[in-house]
$ cat target_24.cif   # mmCIF, C-alpha atoms
data_my_file
#
loop_
_atom_site.label_atom_id
_atom_site.label_comp_id
_atom_site.auth_asym_id
_atom_site.auth_seq_id
_atom_site.Cartn_x
_atom_site.Cartn_y
_atom_site.Cartn_z
CA MET J 213 -40.05 -8.86 -21.39
CA LYS J 214 -37.72 -11.58 -22.70
CA TYR J 215 -35.00 -8.99 -23.26
CA SER J 216 -35.43 -7.58 -19.77
CA ILE J 217 -35.00 -10.97 -18.17
CA PHE J 218 -32.06 -11.77 -20.45
CA PHE J 219 -30.23 -8.54 -19.51
CA LEU J 220 -31.04 -9.03 -15.83
CA VAL J 221 -29.54 -12.54 -15.91
CA ILE J 222 -26.43 -11.25 -17.73
CA PHE J 223 -26.04 -8.37 -15.26
CA ILE J 224 -26.37 -10.61 -12.19
CA SER J 225 -24.00 -13.25 -13.57
CA THR J 226 -21.30 -10.68 -14.37
CA LYS J 227 -21.62 -9.23 -10.87
CA CYS J 228 -21.19 -12.70 -9.37
CA ILE J 229 -18.13 -13.45 -11.51
CA ALA J 230 -16.57 -10.00 -11.21
CA GLN J 231 -13.47 -9.66 -9.07
CA ILE J 232 -13.39 -7.26 -6.14
CA ASP J 233 -11.55 -4.06 -7.06
CA THR J 234 -11.68 -2.39 -3.66
CA ILE J 235 -12.76 -3.11 -0.13
CA CYS J 236 -14.28 -0.59 2.24
CA GLY J 237 -14.76 1.62 -0.82
CA ARG J 238 -11.12 2.57 -1.29
CA ILE J 239 -8.57 -0.14 -0.47
CA PRO J 240 -7.18 -1.71 -3.67
CA VAL J 241 -7.50 -5.47 -4.14
CA GLN J 242 -6.10 -7.63 -6.94
CA ASN J 243 -6.41 -11.42 -7.07
CA SER J 244 -7.72 -11.49 -3.49
CA LYS J 245 -4.74 -9.52 -2.17
CA VAL J 246 -4.47 -5.95 -0.93
CA ILE J 247 -1.96 -4.24 -3.21
CA TYR J 248 -1.22 -0.54 -3.38
CA GLN J 249 0.59 0.09 -6.65
CA GLU J 250 1.13 2.82 -9.16
CA VAL J 251 3.45 3.71 -12.03
CA ILE J 252 4.34 7.38 -11.96
CA SER J 253 6.03 9.32 -14.75
CA VAL J 254 8.51 11.99 -13.76
CA ASP J 255 9.60 13.95 -16.80
CA SER J 256 13.33 14.39 -17.30
CA ALA J 257 14.29 12.50 -14.13
CA SER J 258 16.89 9.78 -14.53
CA LYS J 259 16.57 6.54 -12.60
CA ASP J 260 19.71 7.57 -10.70
CA ILE J 261 18.03 10.76 -9.42
CA LEU J 262 14.81 8.89 -8.56
CA TYR J 263 16.82 6.23 -6.72
CA LYS J 264 18.78 8.87 -4.79
CA ASN J 265 15.58 10.74 -3.86
CA ALA J 266 13.98 7.49 -2.69
CA LEU J 267 16.94 6.80 -0.40
CA SER J 268 16.61 10.35 0.93
CA TRP J 269 12.90 9.74 1.59
CA ILE J 270 13.67 6.49 3.43
CA SER J 271 16.21 8.32 5.62
CA GLN J 272 13.57 10.93 6.52
CA LYS J 273 10.69 8.50 7.12
CA TYR J 274 12.32 5.68 9.05
CA VAL J 275 14.20 5.87 12.35
CA SER J 276 16.61 3.09 11.28
CA PRO J 277 16.78 3.21 7.47
CA ASP J 278 19.42 0.49 7.24
CA LYS J 279 17.20 -1.91 9.18
CA VAL J 280 14.09 -1.45 6.99
CA ILE J 281 15.88 -1.72 3.65
CA SER J 282 15.99 -5.41 2.81
CA TYR J 283 17.34 -4.87 -0.73
CA LYS J 284 18.83 -2.02 -2.69
CA ASP J 285 20.44 -2.17 -6.09
CA ASP J 286 23.27 0.37 -5.73
CA SER J 287 25.00 -0.72 -8.94
CA ASN J 288 22.05 -0.49 -11.38
CA LYS J 289 19.79 1.73 -9.25
CA GLU J 290 16.69 -0.17 -10.37
CA ARG J 291 15.06 -1.40 -7.15
CA ILE J 292 14.70 -0.81 -3.42
CA ILE J 293 12.70 -3.10 -1.12
CA ILE J 294 11.60 -1.96 2.33
CA ASN J 295 10.16 -4.12 5.10
CA GLY J 296 8.45 -1.48 7.19
CA VAL J 297 6.40 -1.43 10.37
CA GLY J 298 3.47 0.93 10.78
CA THR J 299 2.63 2.94 13.84
CA SER J 300 0.51 1.70 16.69
CA ILE J 301 -3.14 2.39 15.93
CA PRO J 302 -5.63 2.47 18.83
CA TYR J 303 -9.08 0.93 18.40
CA LYS J 304 -12.01 0.03 20.60
CA TYR J 305 -13.37 -3.49 20.65
CA ALA J 306 -16.08 -4.60 23.10
CA GLY J 307 -15.55 -1.39 25.08
CA VAL J 308 -11.82 -1.96 25.55
CA THR J 309 -9.19 0.22 23.87
CA MET J 310 -6.44 -1.87 22.27
CA ASN J 311 -3.64 -1.15 19.85
CA TYR J 312 -2.55 -2.84 16.69
CA THR J 313 0.50 -2.47 14.53
CA TYR J 314 1.07 -3.53 10.98
CA LYS J 315 4.00 -4.41 8.78
CA TYR J 316 4.37 -4.34 5.02
CA ARG J 317 6.67 -4.79 2.06
CA LEU J 318 7.26 -1.78 -0.19
CA GLN J 319 9.07 -2.34 -3.47
CA ILE J 320 10.11 0.64 -5.59
CA ASP J 321 11.39 0.06 -9.13
CA PHE J 322 13.10 2.77 -11.17
CA LYS J 323 13.49 3.52 -14.87
CA ASP J 324 14.48 6.74 -16.56
CA GLY J 325 11.49 9.09 -16.36
CA LYS J 326 9.31 6.86 -14.16
CA TYR J 327 9.08 4.66 -11.11
CA LYS J 328 6.67 2.06 -9.79
CA TYR J 329 5.82 1.34 -6.19
CA GLU J 330 4.06 -1.74 -4.92
CA LEU J 331 3.07 -2.04 -1.27
CA THR J 332 2.03 -5.60 -0.43
CA GLU J 333 2.28 -8.28 2.22
CA ILE J 334 0.43 -6.29 4.85
CA TYR J 335 0.16 -8.03 8.22
CA TYR J 336 -1.38 -6.71 11.40
CA ARG J 337 -1.54 -7.75 15.02
CA SER J 338 -3.44 -6.72 18.11
CA ASP J 339 -1.25 -5.75 21.02
CA GLU J 340 1.21 -8.65 21.43
CA SER J 341 -0.59 -11.31 19.38
CA ALA J 342 0.88 -12.93 16.26
CA TYR J 343 0.81 -11.12 12.92
CA TYR J 344 -2.04 -12.01 10.53
CA SER J 345 -2.21 -11.28 6.82
CA ILE J 346 -4.99 -8.81 6.07
CA ASN J 347 -5.56 -10.74 2.84
CA SER J 348 -7.09 -13.56 4.86
CA PHE J 349 -9.72 -11.12 6.18
CA ILE J 350 -10.85 -9.58 2.86
CA SER J 351 -14.10 -11.56 2.91
CA LYS J 352 -14.84 -10.13 6.38
CA SER J 353 -13.89 -6.56 5.47
CA GLU J 354 -17.42 -5.24 5.98
CA THR J 355 -17.70 -6.41 9.58
CA LYS J 356 -17.43 -3.46 11.98
CA TYR J 357 -14.12 -4.53 13.54
CA MET J 358 -12.38 -5.47 10.28
CA LYS J 359 -13.66 -2.39 8.48
CA GLN J 360 -12.17 -0.23 11.25
CA CYS J 361 -8.92 -2.19 11.00
CA PHE J 362 -8.68 -1.90 7.20
CA LEU J 363 -9.56 1.80 7.16
CA SER J 364 -7.09 2.60 9.96
CA ILE J 365 -4.26 0.85 8.16
CA ASP J 366 -5.27 2.53 4.88
CA GLY J 367 -5.33 5.88 6.71
CA SER J 368 -1.69 5.32 7.62
CA ILE J 369 -0.48 3.81 4.31
CA VAL J 370 -1.94 6.47 1.99
CA PRO J 371 -0.06 9.40 3.62
CA LEU J 372 3.13 7.31 3.55
CA LEU J 373 2.75 6.71 -0.19
CA ASN J 374 1.79 10.35 -0.78
CA SER J 375 4.99 11.46 0.91
CA LEU J 376 6.97 9.09 -1.32
CA LYS J 377 5.28 10.56 -4.41
CA ALA J 378 6.02 14.10 -3.21
CA GLU J 379 9.68 13.26 -2.67
CA LEU J 380 10.04 11.65 -6.10
CA SER J 381 7.86 14.16 -7.97
CA GLY J 382 10.80 15.72 -9.72
CA PRO J 383 14.35 16.94 -9.44
CA LYS J 384 15.01 18.92 -6.30
CA LYS J 385 14.94 22.66 -6.76
CA SER J 386 17.97 24.61 -5.72
CA GLU J 387 17.72 26.28 -2.32
CA TRP J 388 19.13 29.47 -3.83
#
$ encode --input "target_24.cif" --output "structure tokens"
Amino acid sequence: MKYSIFFLVIFISTKCIAQIDTICGRIPVQNSKVIYQEVISVDSASKDILYKNALSWISQKYVSPDKVISYKDDSNKERIIINGVGTSIPYKYAGVTMNYTYKYRLQIDFKDGKYKYELTEIYYRSDESAYYSINSFISKSETKYMKQCFLSIDGSIVPLLNSLKAELSGPKKSEW
């Protein structure tokens, strides 16, 4: 009995101290911030090729690529930073259909044979209101409205990142 109580106390205390890893079951959180990040190895791809493919992806994904790129390291080909804006996402609140948009910062770093992306600084707004950091709403992520908001934004970010990974997955095959 003593051991059972001891283990129960240890289990509960570690759960209370433990940091949140995800919200809504799938959205990554680190240090109370939503951060999508991954390091991906791409065998035999130089950082120059990865950099070039990333610029190609940006040209395909964004209407005005030059406006969303806030930094690119053309000399060393080690980093690109994008300040992007997500699509308008409709949602219902109190029986009224509204729209919200979101913006984000996507940093892509390159090394020979691998790259790292980090999507952070996600802000959203309803219709024409001011932008709010979604990090300030992490504690409310299980409320119906915020859960819908988080999952809708995640449903737009994940395909974006998947398309980046597909574009950088390896050297382009010849069309011949």
$ atom_distance --input "target_24.cif" --atom1 "CA of Thr309 (chain J)" --atom2 "CA of Tyr336 (chain J)"
16.3 Å
$ residues_near_point --input "target_24.cif" --point "(3.1, 4.9, 15.1)" --cutoff "12 Å" --atoms "all atoms listed in the file" --output "list in words"
Lys273, Tyr274, Val275, Gly296, Val297, Gly298, Thr299, Ser300, Ile301, Pro302, Asn311, Tyr312, Thr313, Tyr314, Lys315, Ser364, Ile365, Gly367, Ser368, Ile369 and Leu372 of chain J
$ closest_residue --input "target_24.cif" --among "J:Val370, J:Leu363, J:Ile294, J:Ala378" --to "Gly237 (chain J)" --atoms "all atoms listed in the file"
J:Leu363
$ resolve_selection --input "target_24.cif" --expression "the PyMOL selection byres ((chain J and resi 324) around 12)" --output "PyMOL selection string"
chain J and resi 252-263+288-290+321-323+325-328+382
$ resolve_selection --input "target_24.cif" --expression "the PyMOL selection byres ((chain J and resi 338-348) around 8)" --output "PDB file with C-alpha atoms, keeping the file's coordinate frame"
ATOM      1  CA  SER J 244      -7.720 -11.490  -3.490  1.00  0.00           C
ATOM      2  CA  LYS J 245      -4.740  -9.520  -2.170  1.00  0.00           C
ATOM      3  CA  VAL J 246      -4.470  -5.950  -0.930  1.00  0.00           C
ATOM      4  CA  MET J 310      -6.440  -1.870  22.270  1.00  0.00           C
ATOM      5  CA  ASN J 311      -3.640  -1.150  19.850  1.00  0.00           C
ATOM      6  CA  TYR J 312      -2.550  -2.840  16.690  1.00  0.00           C
ATOM      7  CA  THR J 313       0.500  -2.470  14.530  1.00  0.00           C
ATOM      8  CA  TYR J 314       1.070  -3.530  10.980  1.00  0.00           C
ATOM      9  CA  GLU J 333       2.280  -8.280   2.220  1.00  0.00           C
ATOM     10  CA  ILE J 334       0.430  -6.290   4.850  1.00  0.00           C
ATOM     11  CA  TYR J 335       0.160  -8.030   8.220  1.00  0.00           C
ATOM     12  CA  TYR J 336      -1.380  -6.710  11.400  1.00  0.00           C
ATOM     13  CA  ARG J 337      -1.540  -7.750  15.020  1.00  0.00           C
ATOM     14  CA  PHE J 349      -9.720 -11.120   6.180  1.00  0.00           C
ATOM     15  CA  ILE J 350     -10.850  -9.580   2.860  1.00  0.00           C
ATOM     16  CA  SER J 351     -14.100 -11.560   2.910  1.00  0.00           C
ATOM     17  CA  PHE J 362      -8.680  -1.900   7.200  1.00  0.00           C
TER      18      PHE J 362
END
